[in-house]
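Participant: Can you read through this structure? Questions will come right after.
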Amino acid sequence: MIRLLTATFGLLLVTQPAAAVISTGTDAEAELPYWEVVEHGVSIRLVQRLPDQTRGFFQARGFSIADSELVAQSCMFQTVIKNVAPPSDQKVIEYNLDEWVVHAAGAQRRMKTREDWQKEWTARRAPKAAQLAFEWGLIPTRQTYRPGDYNWGLSVFNLAPGTPFDLDVVWHQGGERRSARLKGVVCAPDIQVSPAPQ
Amino acid sequence: MKTLTRSFLRCTILLSWFVLCAAQAAGYDTAQTLPPLPKPFAAPDFTLQGEDGKTYRLSDYRGKVVVLNFWATWCPPCRYEMPSMERAHKKVQGEKIVLLAIDVGESEDRVFEFTGQYPVTFPLLLDTEGAIIKKYPVIGLPTTFVIDPRGMVTHRAIGSREWDDERLLVQLRKLLKP
């Protein structure tokens with residue numbers, strides 16, 4: 001009986017990290033599809049973003065029509081990465097988008113990050129204010145979060161509107177590399193709503 | 001004896017389940033954290049124009065606790081936390097705690113327009129060229145630093161917080177005590 005009790009207490013007191021829970025649905029705020037991975041202390045959510053939203057956002061920040069069109073056609077998602085561990089955990093989460101892998105049409109590719117875009121905007125001579133908004137609007141390429149920390153930013157997958165893809169998300173927690181695959185993610189289609197005929 | 005063992009096991013499982021659920025629930029309440037920096041550093045000084053037309057210099061606030069927030073009007077979490085910063089500002093009036101929010105890369109007009117929707121009475125500074133944000137270890141918006149009365153950056157919060165939460169205010173007030 002003592003063995004049984006010891007085993008029971010052991011089972012209950014030793015908390016194992018939960019397996020990654022992957023979900024999809026409609027984001028309540030954006031009213032657009034989302035894909036999310038939640039694991040012990042980590043939450044990563046991608047919410048679709050319509051190309052028209054992207055056009056409007058970047059044109060309002062000083063980008064030319066051609067430049068905003070380039071971004072709008074690049075498959076942009078709103079991305080939220082959080083350290084949701086309780087403060088007592090003291091667990092630090094780190095990630096580097098260069099480790100994330102996009103699987104589309106039988107090929108693998110990496111995401112298009114702040115650094116890639118910075119080169120592109122410099123070459124295209126985008127206005128300084130527009131470049132600043134773009135830089136800070138994108139999810140950081142690398143970041144470290146302590147409990148309670150999070151970022152909310154745009155991520156770019158460099159795929160055509162409507163393209164389906166899988167995404168391997170990678171993060172490091174307590175020195176351990178962890179990953180999960182978000183399957184069947186879809187870039188938002190390019191729907192341009194016209195006014196109804198009178 | 002068997003019955004006693006079963007009852008004990010049931011109680012243990014039930015109790016542990018309750019504890020685990022409570023811990024998990026507490027896990028969601030993680031936003032109100034203000035983690036101390038492992039290595040505090042001297043706050044880089046700056047002089048910036050405010051949206052109110054006044055000039056602000058960080059070193060003028062030496063002897064006070066400064067909550068220094070980097071934000072932009074287009075950033076949703078920045079907008080979420082702005083009302084709580086305003087409430088915190090009102091709560092700490094008369095104490096040696098000040099809030100400064102630095103808008104990154106936007107015009108005075110854009111920030112003025114924002115204050116029409118989000119009334120703010122603490123200084124909103126304009127880092128139009130994005131020069132000041134580069135002096136601080138900011139990777140994403142919003143990021144907020146806490147600067148102690150000696151001018152040392154001691155805490156950093158990445159992402160929004162409820163700044164009028166008493167747990168955060170207690171941490172700020174602690175910095176005023178020598």
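The way I read the labels, and the way they are meant: chains A, B, ... in the order of the structure tokens, residue 1 as the first residue of every chain, and ligand 1 as the first ligand shown, with later ones counted on from there.
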Which of segment 82-176 of chain B end up as helix (DSSP H, G or I) when DSSP is run on this backbone - answer as a PyMOL selection string?
Facilitator: chain B and resi 82-91+108-117+133-135+166-174
Participant: Per residue of chain A within 10 Å of chain B, record the nearest atom pair and its distance in Å to one decimal, counting only C-alpha atoms, with rows in chain order and ascending residue number, as a tab-separated table.
Facilitator:
residue	atom	partner	partner_atom	distance
A:Met1	CA	B:Thr5	CA	7.9
A:Leu4	CA	B:Leu9	CA	9.4
A:Leu5	CA	B:Leu9	CA	7.6
A:Thr8	CA	B:Leu9	CA	7.8
A:Phe9	CA	B:Thr12	CA	8.0
A:Leu11	CA	B:Ile13	CA	9.9
A:Leu12	CA	B:Ser16	CA	6.5
A:Leu13	CA	B:Ser16	CA	8.0
A:Thr15	CA	B:Leu20	CA	9.1
A:His40	CA	B:Gly27	CA	9.7
A:Gly41	CA	B:Gly27	CA	8.0
A:Phe57	CA	B:Trp74	CA	8.7
A:Arg61	CA	B:Glu106	CA	8.7
A:Ile81	CA	B:Gly159	CA	9.9
A:Lys82	CA	B:Gly159	CA	8.9
A:Asn83	CA	B:Thr30	CA	8.3
A:Val84	CA	B:Thr30	CA	6.0
A:Ala85	CA	B:Gly27	CA	5.6
A:Pro86	CA	B:Gly27	CA	4.3
A:Pro87	CA	B:Thr30	CA	6.3
A:Ser88	CA	B:Gly27	CA	9.3
A:Asp89	CA	B:Gly27	CA	9.4
A:Gln90	CA	B:Pro35	CA	9.3
A:Lys128	CA	B:Glu129	CA	7.8
A:Ala129	CA	B:Gly105	CA	5.8
A:Ala130	CA	B:Gly105	CA	8.4
A:Gln131	CA	B:Gly105	CA	9.1
A:Leu132	CA	B:Gly105	CA	6.0
A:Ala133	CA	B:Gly105	CA	6.6
A:Glu135	CA	B:Gly140	CA	9.2
A:Trp136	CA	B:Gly140	CA	6.3
A:Gly137	CA	B:Cys75	CA	7.4
A:Leu138	CA	B:Gly140	CA	8.2
A:Ile139	CA	B:Gly140	CA	7.0
A:Pro140	CA	B:Gly140	CA	6.0
A:Thr141	CA	B:Ile139	CA	8.7
A:Arg142	CA	B:Ile139	CA	8.1
A:Gln143	CA	B:Ile139	CA	7.0
A:Thr144	CA	B:Ile158	CA	9.2
A:Tyr145	CA	B:Ile158	CA	7.4
A:Arg146	CA	B:Pro35	CA	7.2
A:Pro147	CA	B:Thr30	CA	6.3
A:Gly148	CA	B:Ala31	CA	4.2
A:Asp149	CA	B:Ile158	CA	4.8
A:Tyr150	CA	B:Gly159	CA	4.9
A:Asn151	CA	B:Gly159	CA	5.5
A:Trp152	CA	B:Pro77	CA	7.2
A:Gly153	CA	B:Gly140	CA	8.1
Participant: Go through B:Leu58, B:Val111, B:Ala42, B:Val67 one by one, measure the shortest atom-to-atom distance of each to Leu169 of chain B using only C-alpha atoms, and give the residue with the smallest value.
Facilitator: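 Among the listed residues, B:Val67 lies closest to Leu169 of chain B.
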Participant: Within segment 77-185 of chain A, find each residue whose DSSP state, derived from the backbone, is strand (DSSP E or B), and express the selection as a ChimeraX atom specification.
Facilitator: /A:77-83,93-96,101-104,107-109,112,138,142-145,150-156,164-173,176-185
Participant: Which polymer residues have any atom within 9 Å of an atom of Tyr34 of chain A, counting only C-alpha atoms, with same-chain residues fewer than 3 positions away left out, as JSON, numbers by chain?
Facilitator: {"A": [23, 24, 25, 26, 27, 45, 46, 47, 48, 185]}
Participant: Applying 7 Å and only C-alpha atoms, which residues near segment 49-54 of chain B remain after dropping the ones on its own chain fewer than 3 positions away? List them as a list in words.
Facilitator: Glu108, Val111, Phe112, Pro123, Leu124, Leu125 and Leu126 of chain B
Participant: Neighbouring residues of Lys135 of chain B were defined as those with any atom within 10 Å, considering only C-alpha atoms; residues of the same chain fewer than 2 positions away were excluded. Please report them as JSON, numbers by chain.
Facilitator: {"B": [43, 44, 45, 46, 130, 131, 132, 133, 137, 138]}
Participant: Which residues are near Glu120 of chain A? Cut-off 12 Å, only C-alpha atoms, ignore same chain within fewer than 5 positions. Put them as number ranges by chain.
Facilitator: A: 67, 70-71, 112-115, 125-126, 131, 134-135
